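Student: Supplied structure: upload.cif, mmCIF, C-alpha atoms and all ligand atoms.
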```cif
data_query
#
loop_
_atom_site.label_atom_id
_atom_site.label_comp_id
_atom_site.auth_asym_id
_atom_site.auth_seq_id
_atom_site.Cartn_x
_atom_site.Cartn_y
_atom_site.Cartn_z
CA MET A 1 75.54 -14.21 -17.34
CA LEU A 2 72.63 -12.10 -18.56
CA THR A 3 70.96 -14.03 -21.37
CA GLN A 4 67.65 -12.26 -21.16
CA THR A 5 66.65 -10.22 -24.20
CA GLU A 6 63.80 -7.76 -24.67
CA SER A 7 62.01 -10.25 -26.89
CA ASN A 8 62.01 -12.82 -24.07
CA ILE A 9 59.71 -10.59 -22.08
CA ASP A 10 55.97 -11.00 -22.68
CA ILE A 11 55.29 -7.29 -22.46
CA GLU A 12 51.58 -7.55 -23.36
CA ASN A 13 51.03 -9.91 -20.46
CA TYR A 14 53.09 -7.72 -18.12
CA LEU A 15 51.15 -4.59 -19.11
CA ASN A 16 47.78 -6.31 -18.61
CA LYS A 17 48.82 -7.68 -15.24
CA GLN A 18 50.12 -4.33 -13.95
CA LYS A 19 47.17 -2.41 -15.35
CA SER A 20 44.78 -4.72 -13.43
CA LEU A 21 46.82 -4.22 -10.29
CA ILE A 22 46.55 -0.42 -10.57
CA ASP A 23 42.87 -0.49 -11.63
CA ASN A 24 41.92 -2.74 -8.71
CA HIS A 25 43.85 -0.66 -6.20
CA LEU A 26 42.20 2.55 -7.44
CA LYS A 27 38.78 0.86 -7.26
CA ASN A 28 39.48 -0.30 -3.72
CA ILE A 29 40.25 3.25 -2.68
CA PHE A 30 37.56 5.17 -4.51
CA GLU A 31 34.68 2.69 -4.54
CA LYS A 32 35.02 1.31 -1.02
CA ASP A 33 36.31 4.09 1.19
CA ASN A 34 33.38 6.14 2.48
CA LEU A 35 35.47 9.30 2.41
CA TYR A 36 34.47 9.57 -1.24
CA THR A 37 30.67 9.72 -1.10
CA GLN A 38 29.39 13.28 -0.65
CA PRO A 39 28.77 15.40 -2.66
CA LYS A 40 27.90 12.65 -5.13
CA GLU A 41 28.47 14.84 -8.22
CA LEU A 42 32.13 15.38 -7.30
CA TRP A 43 33.06 11.78 -6.55
CA ASN A 44 31.00 10.39 -9.42
CA ALA A 45 32.91 12.69 -11.78
CA LEU A 46 36.21 11.57 -10.24
CA ARG A 47 35.31 7.87 -10.56
CA TYR A 48 34.01 8.43 -14.10
CA SER A 49 37.32 9.89 -15.25
CA LEU A 50 39.67 7.77 -13.18
CA LEU A 51 38.18 4.29 -13.31
CA ASN A 52 37.37 4.35 -17.00
CA GLY A 53 40.30 2.62 -18.65
CA GLY A 54 43.52 4.26 -19.62
CA LYS A 55 46.68 2.30 -20.32
CA ARG A 56 48.19 3.21 -16.92
CA ILE A 57 51.61 3.49 -18.55
CA ARG A 58 52.91 6.08 -16.08
CA GLY A 59 51.95 4.01 -13.04
CA ILE A 60 53.37 0.91 -14.73
CA LEU A 61 56.69 2.70 -15.37
CA CYS A 62 56.91 3.54 -11.67
CA LEU A 63 56.29 -0.11 -10.71
CA ALA A 64 58.63 -1.45 -13.40
CA THR A 65 61.48 0.86 -12.38
CA ASN A 66 61.28 -0.34 -8.78
CA GLU A 67 61.05 -3.95 -10.00
CA SER A 68 64.14 -3.50 -12.19
CA LEU A 69 66.19 -2.18 -9.25
CA ASN A 70 65.68 -3.45 -5.69
CA ASN A 71 61.92 -4.16 -5.85
CA LYS A 72 61.33 -2.61 -2.43
CA TYR A 73 58.17 -1.48 -0.60
CA ILE A 74 55.92 -2.95 -3.30
CA ASP A 75 52.62 -1.90 -1.68
CA ASP A 76 53.79 1.67 -1.23
CA CYS A 77 55.04 1.71 -4.81
CA LEU A 78 51.55 0.68 -5.95
CA THR A 79 50.07 3.56 -3.95
CA VAL A 80 52.49 6.00 -5.60
CA ALA A 81 51.69 4.52 -9.04
CA CYS A 82 47.98 5.16 -8.30
CA ALA A 83 48.73 8.73 -7.19
CA ILE A 84 50.55 9.29 -10.49
CA GLU A 85 47.55 7.95 -12.42
CA LEU A 86 45.29 10.35 -10.47
CA ILE A 87 47.47 13.26 -11.56
CA HIS A 88 47.54 12.05 -15.15
CA ALA A 89 43.73 11.59 -15.25
CA MET A 90 43.36 15.07 -13.78
CA SER A 91 45.54 16.55 -16.51
CA LEU A 92 43.38 14.83 -19.15
CA ILE A 93 40.17 16.29 -17.64
CA HIS A 94 41.63 19.79 -17.73
CA ASP A 95 43.17 19.26 -21.17
CA ASP A 96 39.73 18.38 -22.60
CA LEU A 97 38.04 21.55 -21.30
CA PRO A 98 36.63 24.01 -23.86
CA SER A 99 39.22 26.63 -22.87
CA MET A 100 42.04 24.14 -23.47
CA ASP A 101 42.07 21.42 -26.15
CA ASN A 102 38.25 21.29 -26.25
CA ASP A 103 37.70 17.57 -26.75
CA ASP A 104 34.33 15.84 -26.33
CA LEU A 105 35.73 12.33 -26.15
CA ARG A 106 38.19 10.68 -23.78
CA ARG A 107 38.95 7.01 -23.27
CA GLY A 108 36.04 6.17 -25.59
CA LYS A 109 33.43 8.12 -23.59
CA PRO A 110 32.20 11.73 -23.37
CA SER A 111 34.89 13.76 -21.63
CA CYS A 112 34.29 14.75 -18.00
CA HIS A 113 32.87 18.21 -18.70
CA LYS A 114 30.45 16.71 -21.25
CA ALA A 115 29.24 13.96 -18.92
CA PHE A 116 29.03 16.32 -15.93
CA SER A 117 29.44 20.11 -16.08
CA GLU A 118 32.44 22.27 -16.77
CA SER A 119 32.62 23.45 -13.16
CA THR A 120 32.38 19.87 -11.85
CA ALA A 121 35.14 18.78 -14.25
CA ILE A 122 37.44 21.58 -13.03
CA LEU A 123 36.73 20.79 -9.38
CA ALA A 124 37.04 17.02 -9.82
CA GLY A 125 40.46 17.69 -11.37
CA ASP A 126 41.41 19.93 -8.45
CA ALA A 127 40.38 17.23 -5.97
CA MET A 128 42.35 14.58 -7.88
CA LEU A 129 45.53 16.61 -7.83
CA SER A 130 45.35 17.18 -4.07
CA LEU A 131 44.27 13.58 -3.42
CA ALA A 132 47.41 12.32 -5.13
CA PHE A 133 49.47 13.98 -2.40
CA TYR A 134 47.06 12.81 0.29
CA LEU A 135 47.52 9.19 -0.86
CA ILE A 136 51.31 9.50 -0.88
CA THR A 137 51.39 10.83 2.66
CA GLU A 138 48.49 8.88 4.18
CA ASN A 139 48.30 5.53 2.38
CA THR A 140 51.98 4.58 2.33
CA LYS A 141 53.29 2.50 5.22
CA GLU A 142 56.96 1.65 4.76
CA ILE A 143 58.78 4.30 2.76
CA SER A 144 60.53 6.94 4.86
CA SER A 145 59.32 10.51 5.35
CA ILE A 146 62.30 11.66 3.27
CA GLN A 147 61.23 9.38 0.42
CA LYS A 148 57.66 10.73 0.65
CA LEU A 149 58.96 14.30 0.50
CA GLU A 150 61.27 13.51 -2.43
CA ILE A 151 58.38 11.93 -4.34
CA ILE A 152 56.11 14.90 -3.62
CA LYS A 153 58.90 17.30 -4.61
CA ALA A 154 59.51 15.45 -7.90
CA LEU A 155 55.81 15.39 -8.76
CA SER A 156 55.03 18.99 -7.84
CA ASN A 157 58.13 20.06 -9.74
CA SER A 158 56.84 18.22 -12.80
CA PHE A 159 53.52 20.16 -12.80
CA SER A 160 54.89 23.59 -11.97
CA PHE A 161 57.85 23.50 -14.33
CA GLY A 162 56.58 20.85 -16.79
CA LEU A 163 52.93 20.15 -17.48
CA VAL A 164 51.52 23.61 -16.78
CA PRO A 165 54.14 25.63 -18.73
CA GLY A 166 54.01 22.95 -21.47
CA GLN A 167 50.25 23.36 -21.76
CA ILE A 168 50.53 27.16 -21.89
CA LEU A 169 53.12 26.96 -24.68
CA ASP A 170 51.09 24.33 -26.53
CA LEU A 171 47.96 26.50 -26.44
CA ALA A 172 49.97 29.52 -27.59
CA GLU A 173 51.33 27.60 -30.60
CA SER A 174 47.92 26.22 -31.71
CA GLY A 175 46.66 27.89 -34.83
CA LYS A 176 49.94 29.66 -35.61
CA SER A 177 51.11 29.29 -39.18
CA ILE A 178 53.20 26.24 -39.98
CA GLN A 179 56.02 28.46 -41.26
CA SER A 180 56.52 29.77 -37.73
CA CYS A 181 56.95 26.27 -36.28
CA ASP A 182 60.28 24.69 -35.61
CA LEU A 183 61.40 21.36 -34.24
CA ASN A 184 63.06 22.80 -31.14
CA THR A 185 59.86 24.55 -30.04
CA LEU A 186 57.88 21.37 -30.62
CA LYS A 187 60.40 19.24 -28.73
CA ASN A 188 60.38 21.69 -25.84
CA ILE A 189 56.58 21.51 -25.60
CA SER A 190 56.64 17.68 -25.67
CA LYS A 191 59.39 17.62 -23.06
CA LEU A 192 57.33 19.77 -20.70
CA LYS A 193 53.75 18.74 -21.38
CA THR A 194 54.20 15.00 -21.87
CA ALA A 195 57.69 13.82 -20.97
CA GLU A 196 57.86 15.44 -17.52
CA LEU A 197 55.25 13.20 -15.92
CA ILE A 198 56.56 10.09 -17.69
CA LYS A 199 60.09 10.92 -16.52
CA THR A 200 58.87 11.63 -13.00
CA SER A 201 57.03 8.28 -12.89
CA VAL A 202 60.36 6.56 -13.55
CA ILE A 203 62.09 8.77 -10.97
CA CYS A 204 59.46 7.90 -8.33
CA GLY A 205 60.14 4.17 -8.86
CA GLY A 206 63.85 4.99 -8.46
CA ILE A 207 63.29 6.95 -5.23
CA ILE A 208 61.38 4.01 -3.75
CA SER A 209 64.08 1.50 -4.65
CA LEU A 210 67.25 3.52 -4.10
CA ASN A 211 68.73 6.06 -1.79
CA THR A 212 67.39 9.41 -3.04
CA GLU A 213 70.89 10.70 -3.76
CA ASP A 214 71.84 7.66 -5.82
CA LEU A 215 73.36 8.78 -9.13
CA ARG A 216 71.53 6.03 -10.98
CA ILE A 217 68.43 8.24 -10.71
CA ASN A 218 70.04 10.67 -13.18
CA HIS A 219 70.25 7.95 -15.84
CA LEU A 220 66.70 6.85 -15.09
CA SER A 221 65.59 10.45 -15.44
CA ALA A 222 67.32 10.77 -18.84
CA PHE A 223 65.72 7.46 -19.90
CA GLY A 224 62.29 8.76 -18.81
CA GLU A 225 62.65 12.03 -20.64
CA LYS A 226 63.60 10.34 -23.92
CA ILE A 227 60.77 7.81 -23.87
CA GLY A 228 58.44 10.65 -22.79
CA ILE A 229 59.24 12.70 -25.91
CA ALA A 230 58.97 9.53 -28.03
CA PHE A 231 55.51 8.97 -26.46
CA GLN A 232 54.34 12.37 -27.75
CA VAL A 233 55.85 11.79 -31.22
CA VAL A 234 53.89 8.51 -31.42
CA ASP A 235 50.76 10.25 -30.09
CA ASP A 236 51.00 12.73 -32.96
CA ILE A 237 51.55 9.93 -35.50
CA LEU A 238 48.56 7.95 -34.17
CA ASP A 239 46.37 11.04 -34.38
CA VAL A 240 46.88 10.92 -38.15
CA THR A 241 47.13 7.18 -38.82
CA SER A 242 44.57 5.70 -36.42
CA ASP A 243 40.82 6.07 -35.92
CA THR A 244 38.63 7.48 -33.15
CA LYS A 245 37.45 4.04 -31.98
CA THR A 246 40.97 2.64 -31.55
CA LEU A 247 42.27 5.84 -29.95
CA GLY A 248 39.27 6.42 -27.66
CA LYS A 249 39.65 10.13 -28.48
CA THR A 250 38.90 12.14 -31.60
CA SER A 251 41.36 11.25 -34.37
CA ARG A 252 42.75 13.88 -36.77
CA LYS A 253 42.04 16.45 -34.08
CA ASP A 254 45.47 18.07 -34.44
CA GLU A 255 44.81 18.77 -38.10
CA LYS A 256 41.38 20.28 -37.33
CA GLN A 257 42.93 22.52 -34.69
CA LYS A 258 45.85 23.39 -36.99
CA LYS A 259 48.25 22.15 -34.36
CA MET A 260 51.96 21.96 -34.88
CA THR A 261 52.84 18.26 -34.69
CA TYR A 262 55.74 16.00 -35.66
CA PRO A 263 53.97 14.60 -38.75
CA VAL A 264 53.14 18.15 -39.91
CA LEU A 265 56.72 19.26 -39.44
CA LEU A 266 58.63 16.13 -40.48
CA GLY A 267 56.17 13.81 -42.23
CA ILE A 268 55.15 10.38 -40.91
CA GLU A 269 58.29 8.44 -41.84
CA LYS A 270 60.75 10.93 -40.34
CA SER A 271 58.57 11.17 -37.23
CA LYS A 272 58.72 7.37 -36.85
CA GLN A 273 62.48 7.52 -37.29
CA MET A 274 62.73 10.21 -34.62
CA ALA A 275 60.69 8.13 -32.15
CA GLN A 276 62.92 5.12 -32.86
CA GLU A 277 66.07 7.18 -32.33
CA LEU A 278 64.77 8.50 -29.01
CA VAL A 279 64.00 4.98 -27.82
CA THR A 280 67.45 3.77 -28.87
CA ALA A 281 69.02 6.70 -27.00
CA SER A 282 66.83 5.99 -23.95
CA LYS A 283 68.13 2.42 -23.84
CA SER A 284 71.73 3.70 -23.88
CA GLU A 285 70.94 5.44 -20.57
CA LEU A 286 69.77 2.12 -19.14
CA GLU A 287 73.03 0.44 -20.20
CA LYS A 288 74.85 2.73 -17.74
CA ILE A 289 73.20 1.17 -14.70
CA PRO A 290 72.88 -2.43 -13.54
CA LEU A 291 69.29 -3.59 -13.78
CA LYS A 292 67.69 -6.89 -12.81
CA SER A 293 65.99 -7.36 -16.18
CA ARG A 294 65.32 -5.90 -19.61
CA LEU A 295 61.83 -4.84 -18.52
CA LEU A 296 62.40 -1.09 -18.97
CA HIS A 297 63.95 -1.76 -22.38
CA SER A 298 60.79 -3.65 -23.35
CA LEU A 299 58.58 -0.85 -22.08
CA ALA A 300 60.59 1.60 -24.20
CA ASN A 301 59.87 -0.60 -27.23
CA TYR A 302 56.18 -0.65 -26.32
CA ILE A 303 56.09 3.17 -26.30
CA ILE A 304 56.78 3.23 -30.04
CA ASN A 305 54.88 0.08 -31.00
CA ARG A 306 51.64 0.96 -29.23
CA ILE A 307 48.44 1.33 -31.24
CA ASN A 308 46.55 3.65 -28.91
C1 LIG B 401 48.94 18.54 -13.58
C2 LIG B 401 48.61 20.69 -12.30
C3 LIG B 401 48.49 19.96 -13.55
C4 LIG B 401 47.98 20.61 -14.63
C5 LIG B 401 47.71 20.05 -15.95
C6 LIG B 401 46.10 20.32 -18.66
C7 LIG B 401 47.54 20.33 -18.32
C8 LIG B 401 47.95 21.02 -17.07
C9 LIG B 401 48.48 19.68 -19.04
C10 LIG B 401 48.18 18.85 -20.22
C11 LIG B 401 49.01 17.62 -20.15
C12 LIG B 401 48.61 16.61 -21.20
C13 LIG B 401 47.17 16.22 -21.26
C14 LIG B 401 49.52 16.11 -22.03
C15 LIG B 401 49.23 15.08 -23.05
C16 LIG B 401 49.94 13.83 -22.72
C17 LIG B 401 49.37 12.65 -23.44
C18 LIG B 401 49.99 12.25 -24.72
C19 LIG B 401 48.31 12.01 -22.91
C20 LIG B 401 47.75 10.73 -23.35
O1 LIG B 401 48.22 9.75 -22.46
P1 LIG B 401 47.87 8.22 -22.56
O2 LIG B 401 47.85 7.81 -24.00
O3 LIG B 401 46.37 8.21 -22.00
O4 LIG B 401 48.76 7.46 -21.66
P2 LIG B 401 45.59 7.04 -21.26
O5 LIG B 401 44.14 7.33 -21.56
O6 LIG B 401 46.02 5.71 -21.81
O7 LIG B 401 45.88 7.17 -19.81
#
```
Go ahead and render the structure in this file as structure tokens.
Ligand code: GRG
Tutor:
Amino acid sequence: MLTQTESNIDIENYLNKQKSLIDNHLKNIFEKDNLYTQPKELWNALRYSLLNGGKRIRGILCLATNESLNNKYIDDCLTVACAIELIHAMSLIHDDLPSMDNDDLRRGKPSCHKAFSESTAILAGDAMLSLAFYLITENTKEISSIQKLEIIKALSNSFSFGLVPGQILDLAESGKSIQSCDLNTLKNISKLKTAELIKTSVICGGIISLNTEDLRINHLSAFGEKIGIAFQVVDDILDVTSDTKTLGKTSRKDEKQKKMTYPVLLGIEKSKQMAQELVTASKSELEKIPLKSRLLHSLANYIINRIN
């Protein structure tokens, strides 16, 4: 009989443990391997933006999904989680560029183009994106070639049809009058720009644990998409309610850039309610598949309770 509840799980401890695992693995690759030495400017910029904190929530979701299913190929799963964090860190570097969101601060430090140069930031991001695929093909030992291809397909799909179009739409909406904003447009942008990579992180954990055609992956995907949108709703709320030090990035930035956000459109309370509803709906997807624990349920709770 399953007596475990979400509150039985010490999620803070789990997050810290998994974050250390990912951080140490990334350090082992990028600080020790002498592939990453010359030109110094490039690899220093990569290390600066990759090994500088970050909650590692996407990598953790990949690990936790595998752990909740068959917990297979754990070392390879860690490599894939690190590849996902490379892609995420790359997207943050490009997002901070003057031609994009133009932010001087990231993870509590000057953003990559401020600490290095704009061209180095662009190129470090380019290297990170390609290195993610290199790691998946070269540094995994046990998963099959089909699994590698399915993971690469899922990730490349998430940039081409998710993050990049989402960013284009987001930039196009910035500065438009509030009257022209609607909830469907905002949800679509969040789904593409933010939820796609979160969803794909869950899917990658599923591909490692299950047969790639397993229908359970569809429910995991729906779970990932819902918590991914909730993640962006909370991001928008925190932008208004938190401070720069806690966030590690400039607070109230959305307001300064006249961005369409959930709090602008719905107010804080309704935005919180929407995030809660998304998390509740995400858990319903999990109820449709047998899982070893309530870990993913707890991670869904964390998405809305986080403070940064
Ligand atoms: C991936 C090819 C490719 C292109 C990227 C720039 C761009 C295209 C997309 C922007 C995507 C983006 C930055 C979305 C915002 C998502 C978001 C809320 C990020 C903050 O994530 P956290 O809080 O950050 O997990 P940490 O620092 O904890 O890792």
Student: What are the closest atom pairs, with distances in Å to one decimal, for all residues of stretch 208-295 of chain A lying within 12 Å of stretch 49-55 of chain A? Consider all atoms listed in the file, order rows by chain and residue number, and present the result as CSV.
Tutor:
```
residue,atom,partner,partner_atom,distance
A:Leu247,CA,A:Gly54,CA,10.5
A:Gly248,CA,A:Gly54,CA,9.3
A:Lys249,CA,A:Gly54,CA,11.3
```
Student: So which one's closest to ligand LIG 401 (chain B), A:Ile289, A:Ala230, A:Cys77, A:Met260? Using only C-alpha atoms and all ligand atoms, please.
Tutor: A:Ala230
Student: Select, counting only C-alpha atoms, all protein, DNA and RNA residues no farther than 12 Å from (51.3, 12.8, -26.0) in file coordinates, and express the selection as an MDAnalysis selection string.
Tutor: chainID A and resid 57 88 91:92 95 163 166:167 170 186:187 189:198 227:239 254 261:262 303:304 308
Student: Around all the atoms of stretch 181-188 of chain A listed in the file, with 8 Å of room on each side, what axis-aligned box do you get, giving centre and edge lengths in Å to one decimal, as AutoDock Vina command-line options?
Tutor:
```
--center_x 60.0 --center_y 22.8 --center_z -31.1 --size_x 22.1 --size_y 23.0 --size_z 26.4
```
Student: Within 10 Å of A:Ala222, counting all atoms listed in the file, which residues show up once you throw out same-chain ones fewer than 2 positions away? Write them as a PyMOL selection string, please.
Tutor: chain A and resi 199+202-203+217-220+224-228+281-286
Student: Determine the nearest neighbour of A:Asp76 from the options A:Arg107, A:Lys288, A:Arg306, A:His25, counting only C-alpha atoms.
Tutor: A:His25
Student: If you measure from atom P2 of ligand LIG 401 (chain B) to atom CA of A:Arg56, what distance in Å do you get, rounded to one decimal?
Tutor: 6.3 Å
Student: With distances taken over all atoms listed in the file, which residue among A:Leu63, A:Met90, A:Leu15, A:Leu215 lies nearest ligand LIG 401 (chain B)?
Tutor: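 Among the listed residues, A:Met90 lies closest to ligand LIG 401 (chain B).
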Student: Find, counting all atoms listed in the file, the residue in A:Ala172, A:Leu183, A:Ile146, A:Leu97 that gets nearest to ligand LIG 401 (chain B).
Tutor: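 For ligand LIG 401 (chain B), the nearest of the given residues is A:Leu97.
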Student: Choose the residue, out of A:Asp96, A:Glu277, A:Asp243, A:Asp103, that has the smallest atom-to-atom separation from ligand LIG 401 (chain B); count only C-alpha atoms and all ligand atoms.
Tutor: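 Ranked by minimum distance to ligand LIG 401 (chain B), first place goes to A:Asp96.
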Student: In the coordinate frame of the file, compute which residues have an atom within 6 Å of (60.7, 10.5, -3.9) when using all atoms listed in the file, and state them as a tab-separated table (two decimals) with C-alpha atoms, keeping the file's coordinate frame.
Tutor:
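Generated file (out25.tsv):
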```tsv
chain	number	residue	atom	x	y	z
A	147	GLN	CA	61.23	9.38	0.42
A	148	LYS	CA	57.66	10.73	0.65
A	150	GLU	CA	61.27	13.51	-2.43
A	151	ILE	CA	58.38	11.93	-4.34
A	204	CYS	CA	59.46	7.90	-8.33
A	207	ILE	CA	63.29	6.95	-5.23
```
Student: In Å, rounded to a single decimal, give me how far atom CA of A:Leu291 is from atom CA of A:Gly205.
Tutor: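 Separation of atom CA of A:Gly205 and atom CA of A:Leu291: 13.0 Å.
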Student: Can you tell me, as a list in words, what residues are no more than 9 Å from A:Pro290 when counting all atoms listed in the file, ignoring any on the same chain fewer than 2 positions away?
Tutor: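 Residues meeting the cut-off are Ser68, Leu69, Arg216, Leu286, Glu287, Lys288, Lys292 and Ser293 of chain A.
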Student: With C-alpha atoms retained, write the just-selected residues as a CSV table (one decimal), in the coordinates of the input.
Tutor:
```csv
chain,number,residue,atom,x,y,z
A,68,SER,CA,64.1,-3.5,-12.2
A,69,LEU,CA,66.2,-2.2,-9.2
A,216,ARG,CA,71.5,6.0,-11.0
A,286,LEU,CA,69.8,2.1,-19.1
A,287,GLU,CA,73.0,0.4,-20.2
A,288,LYS,CA,74.8,2.7,-17.7
A,292,LYS,CA,67.7,-6.9,-12.8
A,293,SER,CA,66.0,-7.4,-16.2
```
Student: Work out how far apart atom C9 of ligand LIG 401 (chain B) and atom CA of A:Asp33 are and give it in Å to one decimal.
Tutor: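 Between these atoms lies a distance of 28.3 Å.
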Student: Counting only C-alpha atoms and all ligand atoms, figure out which residue out of A:Met100, A:Leu135, A:Ile143, A:Glu118 gets nearest to ligand LIG 401 (chain B).
Tutor: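 Answer, going by the shortest atom-to-atom distance: A:Met100.
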Student: Need to verify the contact set: stretch 126-134 of chain A, 10 Å, all atoms listed in the file, exclusion of same-chain residues closer than 5 positions in sequence. Can you return it as a PyMOL selection string?
Tutor: chain A and resi 42-43+46+50+79-91+93-94+120-121+139-140+148-149+151-152+155-156
